[in-house]
$ cat start-v9.cif   # mmCIF, C-alpha atoms
data_structure
loop_
_atom_site.label_atom_id
_atom_site.label_comp_id
_atom_site.auth_asym_id
_atom_site.auth_seq_id
_atom_site.Cartn_x
_atom_site.Cartn_y
_atom_site.Cartn_z
CA MET J 1 0.00 0.00 0.00
CA THR J 2 1.65 3.23 -1.18
CA VAL J 3 0.88 6.61 0.38
CA SER J 4 1.17 9.98 -1.36
CA VAL J 5 1.32 13.13 0.80
CA ILE J 6 -0.19 16.26 -0.75
CA ILE J 7 0.66 19.63 0.81
CA PRO J 8 -1.15 22.74 -0.51
CA THR J 9 0.86 25.92 0.07
CA LEU J 10 0.43 29.66 -0.25
CA ASN J 11 3.13 31.85 1.34
CA GLU J 12 4.22 29.20 3.85
CA GLU J 13 7.91 30.12 4.15
CA ARG J 14 7.64 30.12 7.96
CA ALA J 15 6.04 26.68 8.39
CA LEU J 16 7.40 24.70 5.43
CA PRO J 17 11.08 24.46 6.54
CA GLN J 18 9.89 22.43 9.52
CA THR J 19 7.05 20.46 7.94
CA LEU J 20 8.62 19.36 4.68
CA PRO J 21 11.89 17.80 5.92
CA ARG J 22 10.01 15.99 8.67
CA THR J 23 7.44 14.62 6.22
CA LEU J 24 10.18 13.48 3.84
CA ALA J 25 11.85 11.57 6.68
CA LEU J 26 8.76 9.48 7.52
CA GLY J 27 9.01 6.96 4.67
CA PHE J 28 6.11 8.06 2.47
CA ASP J 29 6.26 7.00 -1.16
CA GLU J 30 6.00 10.53 -2.52
CA VAL J 31 5.45 14.07 -1.27
CA LEU J 32 3.82 16.61 -3.56
CA VAL J 33 3.85 20.31 -2.68
CA VAL J 34 1.15 22.12 -4.66
CA ASP J 35 1.74 25.86 -4.61
CA GLY J 36 -1.02 28.35 -5.27
CA GLY J 37 1.23 31.21 -6.42
CA SER J 38 3.31 32.11 -3.36
CA SER J 39 5.06 35.46 -3.38
CA ASP J 40 7.52 34.53 -0.62
CA ARG J 41 10.25 31.84 -0.50
CA THR J 42 7.88 28.86 -0.36
CA GLN J 43 8.74 27.53 -3.82
CA GLN J 44 12.47 28.12 -3.31
CA ILE J 45 12.38 26.12 -0.06
CA VAL J 46 10.95 23.14 -1.96
CA ARG J 47 13.52 23.51 -4.76
CA ASP J 48 16.37 23.66 -2.24
CA LEU J 49 15.19 20.48 -0.55
CA LEU J 50 14.73 18.80 -3.91
CA ALA J 51 18.33 19.70 -4.81
CA GLN J 52 19.55 18.28 -1.50
CA GLU J 53 17.69 15.03 -2.09
CA THR J 54 19.20 14.74 -5.58
CA GLU J 55 22.70 15.47 -4.27
CA ARG J 56 22.41 12.77 -1.62
CA GLU J 57 21.35 10.25 -4.26
CA VAL J 58 24.31 11.20 -6.46
CA ARG J 59 26.75 10.86 -3.57
CA GLY J 60 25.27 7.46 -2.80
CA GLY J 61 25.73 6.34 -6.41
CA GLN J 62 21.98 6.01 -6.92
CA ALA J 63 21.10 8.99 -9.08
CA SER J 64 19.39 6.83 -11.66
CA ALA J 65 17.82 4.34 -9.25
CA PRO J 66 17.02 5.82 -5.83
CA GLU J 67 16.18 3.51 -2.97
CA PRO J 68 12.50 2.50 -2.93
CA ARG J 69 12.04 4.10 0.51
CA THR J 70 13.28 7.49 -0.67
CA PRO J 71 10.28 9.84 -1.05
CA ARG J 72 9.91 11.44 -4.42
CA LEU J 73 9.50 15.15 -3.79
CA ARG J 74 7.70 17.22 -6.43
CA LEU J 75 6.67 20.85 -6.71
CA LEU J 76 3.47 21.55 -8.65
CA ALA J 77 1.68 24.78 -9.55
CA SER J 78 -2.03 25.38 -9.21
CA PRO J 79 -4.54 28.21 -9.06
CA PRO J 80 -4.91 29.34 -5.42
CA GLY J 81 -7.45 27.65 -3.18
CA ARG J 82 -6.91 24.53 -1.10
CA ALA J 83 -9.58 22.50 -2.87
CA ALA J 84 -8.12 23.22 -6.31
CA GLN J 85 -4.55 22.66 -5.11
CA MET J 86 -5.33 19.33 -3.45
CA ASN J 87 -7.20 18.12 -6.52
CA VAL J 88 -4.17 18.99 -8.69
CA GLY J 89 -1.91 17.08 -6.30
CA ALA J 90 -4.23 14.07 -6.23
CA ALA J 91 -4.38 13.93 -10.03
CA ALA J 92 -0.58 14.01 -10.29
CA SER J 93 0.07 11.50 -7.49
CA ARG J 94 0.58 7.76 -7.82
CA GLY J 95 -0.19 6.40 -4.35
CA ASP J 96 -2.92 3.97 -3.36
CA VAL J 97 -3.72 6.32 -0.47
CA LEU J 98 -3.84 10.12 -0.49
CA LEU J 99 -2.89 12.03 2.67
CA PHE J 100 -3.77 15.74 2.65
CA LEU J 101 -1.48 17.68 4.97
CA HIS J 102 -1.51 21.37 5.90
CA ALA J 103 1.85 23.12 5.70
CA ASP J 104 1.74 23.99 9.41
CA THR J 105 0.89 20.47 10.64
CA GLN J 106 3.47 17.93 11.81
CA LEU J 107 2.79 14.21 11.43
CA PRO J 108 3.71 11.70 14.15
CA ASP J 109 6.64 9.33 13.65
CA ASN J 110 4.34 6.38 12.96
CA ALA J 111 1.96 8.22 10.62
CA LYS J 112 2.39 5.92 7.62
CA GLU J 113 2.19 2.79 9.76
CA ALA J 114 -0.99 4.08 11.44
CA ILE J 115 -2.64 4.81 8.09
CA VAL J 116 -1.74 1.45 6.57
CA ARG J 117 -2.90 -0.36 9.70
CA ALA J 118 -6.26 1.44 9.62
CA LEU J 119 -6.76 0.61 5.96
CA GLN J 120 -6.01 -3.08 6.46
CA GLU J 121 -9.72 -3.21 7.19
CA PRO J 122 -11.03 -3.63 3.61
CA GLU J 123 -14.22 -1.67 4.23
CA CYS J 124 -12.43 1.37 5.70
CA VAL J 125 -12.44 4.17 3.11
CA GLY J 126 -10.22 6.71 4.87
CA GLY J 127 -9.70 8.53 8.12
CA ARG J 128 -8.07 11.31 10.05
CA PHE J 129 -5.84 11.87 13.10
CA ASP J 130 -6.55 13.45 16.45
CA LEU J 131 -4.75 16.76 16.88
CA ARG J 132 -3.02 18.85 19.47
CA PHE J 133 -1.60 22.35 19.16
CA ASP J 134 2.00 23.47 19.22
CA ARG J 135 1.19 25.79 22.15
CA ASP J 136 0.84 23.75 25.32
CA ARG J 137 -1.62 25.87 27.28
CA PRO J 138 -4.82 24.95 29.14
CA LEU J 139 -6.99 26.71 26.56
CA SER J 140 -5.23 25.13 23.57
CA ARG J 141 -5.55 21.68 25.16
CA LEU J 142 -9.24 22.29 25.77
CA ILE J 143 -9.83 23.45 22.17
CA ALA J 144 -7.96 20.42 20.78
CA CYS J 145 -10.00 18.08 22.99
CA MET J 146 -13.24 19.70 21.79
CA ILE J 147 -12.19 19.39 18.14
CA ASN J 148 -11.28 15.72 18.51
CA TRP J 149 -14.50 14.79 20.31
CA ARG J 150 -16.66 16.84 17.94
CA SER J 151 -15.03 15.06 15.02
CA ARG J 152 -15.55 11.64 16.56
CA LEU J 153 -19.19 12.32 17.41
CA SER J 154 -20.14 14.05 14.15
CA GLY J 155 -17.98 12.07 11.73
CA ILE J 156 -16.66 15.35 10.31
CA ALA J 157 -12.95 16.21 10.13
CA THR J 158 -11.08 19.40 9.35
CA GLY J 159 -7.98 19.72 7.21
CA ASP J 160 -5.63 20.25 10.13
CA GLN J 161 -6.44 16.70 11.28
CA ALA J 162 -4.56 15.30 8.25
CA ILE J 163 -7.34 13.59 6.29
CA PHE J 164 -6.43 10.45 4.34
CA VAL J 165 -8.50 8.51 1.80
CA ARG J 166 -8.11 5.60 -0.58
CA ARG J 167 -7.42 6.87 -4.09
CA SER J 168 -10.17 4.73 -5.60
CA VAL J 169 -12.71 6.20 -3.18
CA PHE J 170 -11.47 9.77 -3.71
CA GLU J 171 -11.84 9.38 -7.45
CA ARG J 172 -15.35 7.90 -7.14
CA MET J 173 -16.30 10.89 -4.98
CA GLY J 174 -15.03 13.33 -7.60
CA GLY J 175 -12.37 14.79 -5.30
CA PHE J 176 -12.76 18.03 -3.38
CA ALA J 177 -15.68 20.25 -4.30
CA SER J 178 -14.69 23.49 -6.05
CA ILE J 179 -15.50 25.73 -3.10
CA PRO J 180 -13.24 28.29 -1.36
CA LEU J 181 -14.16 27.25 2.19
CA MET J 182 -15.46 24.16 4.03
CA GLU J 183 -13.91 21.84 1.42
CA ASP J 184 -12.66 19.56 4.21
CA ILE J 185 -16.07 19.36 5.88
CA ASP J 186 -17.76 18.71 2.54
CA LEU J 187 -15.27 15.94 1.68
CA THR J 188 -15.56 14.12 5.01
CA ARG J 189 -19.32 14.42 4.93
CA ARG J 190 -19.35 12.61 1.58
CA LEU J 191 -16.62 10.21 2.71
CA ASN J 192 -18.82 8.93 5.52
CA ARG J 193 -21.40 7.90 2.93
CA MET J 194 -18.81 5.75 1.16
CA GLY J 195 -18.04 3.48 4.12
CA PRO J 196 -16.46 3.27 7.58
CA VAL J 197 -13.94 6.01 8.46
CA ALA J 198 -11.03 5.62 10.93
CA TYR J 199 -10.73 8.18 13.73
CA LEU J 200 -7.14 7.68 14.83
CA ARG J 201 -6.17 8.67 18.36
CA THR J 202 -2.60 9.16 17.18
CA GLN J 203 -2.00 12.91 17.21
CA VAL J 204 -0.71 15.38 14.66
CA VAL J 205 0.68 18.68 15.96
CA THR J 206 -0.79 21.74 14.27
CA SER J 207 -0.13 25.46 14.56
CA PHE J 208 -2.07 27.61 17.01
CA ARG J 209 -1.36 30.70 14.88
CA ARG J 210 -4.90 31.14 13.51
CA TRP J 211 -6.33 31.05 17.02
CA GLU J 212 -3.74 33.51 18.31
CA THR J 213 -4.23 35.95 15.43
CA ARG J 214 -7.94 36.47 16.01
CA GLY J 215 -8.05 35.38 19.63
CA PRO J 216 -9.19 31.89 20.73
CA ILE J 217 -12.71 32.81 21.85
CA ARG J 218 -13.38 34.96 18.81
CA THR J 219 -12.07 32.22 16.52
CA ILE J 220 -14.28 29.58 18.14
CA LEU J 221 -17.36 31.77 17.77
CA LEU J 222 -16.46 32.61 14.16
CA MET J 223 -15.97 28.95 13.20
CA TRP J 224 -19.22 27.91 14.89
CA LEU J 225 -21.05 30.67 13.06
CA LEU J 226 -19.52 29.78 9.68
CA ARG J 227 -20.29 26.08 10.09
CA PHE J 228 -23.84 26.78 11.18
CA LEU J 229 -24.38 29.01 8.14
CA TYR J 230 -22.83 26.36 5.90
CA TRP J 231 -25.14 23.67 7.31
CA ILE J 232 -28.23 25.80 6.65
CA GLY J 233 -27.17 26.35 3.05
CA VAL J 234 -25.24 29.64 2.86
CA ASN J 235 -22.96 29.61 -0.20
CA PRO J 236 -19.30 28.85 0.70
CA HIS J 237 -18.18 31.70 -1.59
CA THR J 238 -20.11 34.11 0.63
CA LEU J 239 -18.67 32.49 3.74
CA SER J 240 -15.14 32.84 2.42
CA ARG J 241 -15.55 36.60 2.15
CA TRP J 242 -16.74 36.71 5.75
CA TYR J 243 -13.83 34.50 6.84
CA GLY J 244 -11.49 37.28 5.81
CA HIS J 245 -8.91 35.77 3.46
CA ALA J 246 -8.58 33.45 0.47
CA ARG J 247 -6.97 30.08 1.21
#
$ encode --input "start-v9.cif" --output "structure tokens"
Amino acid sequence: MTVSVIIPTLNEERALPQTLPRTLALGFDEVLVVDGGSSDRTQQIVRDLLAQETEREVRGGQASAPEPRTPRLRLLASPPGRAAQMNVGAAASRGDVLLFLHADTQLPDNAKEAIVRALQEPECVGGRFDLRFDRDRPLSRLIACMINWRSRLSGIATGDQAIFVRRSVFERMGGFASIPLMEDIDLTRRLNRMGPVAYLRTQVVTSFRRWETRGPIRTILLMWLLRFLYWIGVNPHTLSRWYGHAR
């Protein structure tokens, strides 16, 4: 079972130098960074890492035939928007399983093993991880706990929980919907209709920056409001303007 990691980026020069080398070290079969037109050093960071990978292969005498465990790093271009970027990455990938990873989220050491183990159950169509934040504070722990339990009870996951799905299922679903917001909620909603989903207790570590920027309480209220409006049928394009920035 091969696993492709797809990382959508837009001006992620602060987070990517930590996320990308770590992801490359975890034994995935390929890692695709899909950039939505960054104006900072995001693309150059990927190119520098790609050059380092190539140099290591040359020094090891394996430039033409890298070891099977060596991830194949690729940089792709896409129109901006996480849904569009992740669909571009999925179309270009080769793995049996697609793992969608935010640029500011760190996977655990056993991420690939946990995914493969979950999907040994033939009926399981995909899954997601529990999360914790990179700021170890009482409020951040409480928010993470609420997110994990809400996800387990509702069957809905968000992108910072590192959603994974079998390629065959993803293709039958038609990929991510072409919407600027709530693409993760829409995908996992449809994924639950395809079959059983794994809710892994293994944790990813994700950035607390969004919560700190707006303030934790304000962010919670904003996200509740946006999700409520989405559930009652407000157009995601309208919601994205209220959210305050394009993703």
$ atom_distance --input "start-v9.cif" --atom1 "CA of Ser78 in chain J" --atom2 "CA of Val34 in chain J"
6.4 Å
$ atom_distance --input "start-v9.cif" --atom1 "CA of Arg227 in chain J" --atom2 "CA of Ala84 in chain J"
20.6 Å
$ atom_distance --input "start-v9.cif" --atom1 "CA of Asn87 in chain J" --atom2 "CA of Cys124 in chain J"
21.4 Å
$ closest_residue --input "start-v9.cif" --among "J:Val5, J:Val46, J:Leu239, J:Ala51" --to "Pro180 in chain J" --atoms "only C-alpha atoms"
J:Leu239
$ resolve_selection --input "start-v9.cif" --expression "the PyMOL selection byres ((chain J and resi 187-201) around 9)" --output "short mmCIF file (atom, residue, chain, number, x, y, z; two decimals) with C-alpha atoms, in the coordinates of the input"
data_model
loop_
_atom_site.label_atom_id
_atom_site.label_comp_id
_atom_site.auth_asym_id
_atom_site.auth_seq_id
_atom_site.Cartn_x
_atom_site.Cartn_y
_atom_site.Cartn_z
CA ALA J 114 -0.99 4.08 11.44
CA ILE J 115 -2.64 4.81 8.09
CA ALA J 118 -6.26 1.44 9.62
CA LEU J 119 -6.76 0.61 5.96
CA GLU J 123 -14.22 -1.67 4.23
CA CYS J 124 -12.43 1.37 5.70
CA VAL J 125 -12.44 4.17 3.11
CA GLY J 126 -10.22 6.71 4.87
CA GLY J 127 -9.70 8.53 8.12
CA ARG J 128 -8.07 11.31 10.05
CA PHE J 129 -5.84 11.87 13.10
CA ASP J 130 -6.55 13.45 16.45
CA LEU J 131 -4.75 16.76 16.88
CA ASN J 148 -11.28 15.72 18.51
CA SER J 151 -15.03 15.06 15.02
CA ARG J 152 -15.55 11.64 16.56
CA GLY J 155 -17.98 12.07 11.73
CA ILE J 156 -16.66 15.35 10.31
CA ALA J 157 -12.95 16.21 10.13
CA THR J 158 -11.08 19.40 9.35
CA ILE J 163 -7.34 13.59 6.29
CA VAL J 165 -8.50 8.51 1.80
CA VAL J 169 -12.71 6.20 -3.18
CA PHE J 170 -11.47 9.77 -3.71
CA MET J 173 -16.30 10.89 -4.98
CA GLY J 175 -12.37 14.79 -5.30
CA PHE J 176 -12.76 18.03 -3.38
CA ALA J 177 -15.68 20.25 -4.30
CA MET J 182 -15.46 24.16 4.03
CA GLU J 183 -13.91 21.84 1.42
CA ASP J 184 -12.66 19.56 4.21
CA ILE J 185 -16.07 19.36 5.88
CA ASP J 186 -17.76 18.71 2.54
CA THR J 202 -2.60 9.16 17.18
CA GLN J 203 -2.00 12.91 17.21
#
$ resolve_selection --input "start-v9.cif" --expression "the PyMOL selection byres ((chain J and resi 81) around 7)" --output "number ranges by chain"
J: 36, 79-80, 82-85, 180, 246-247
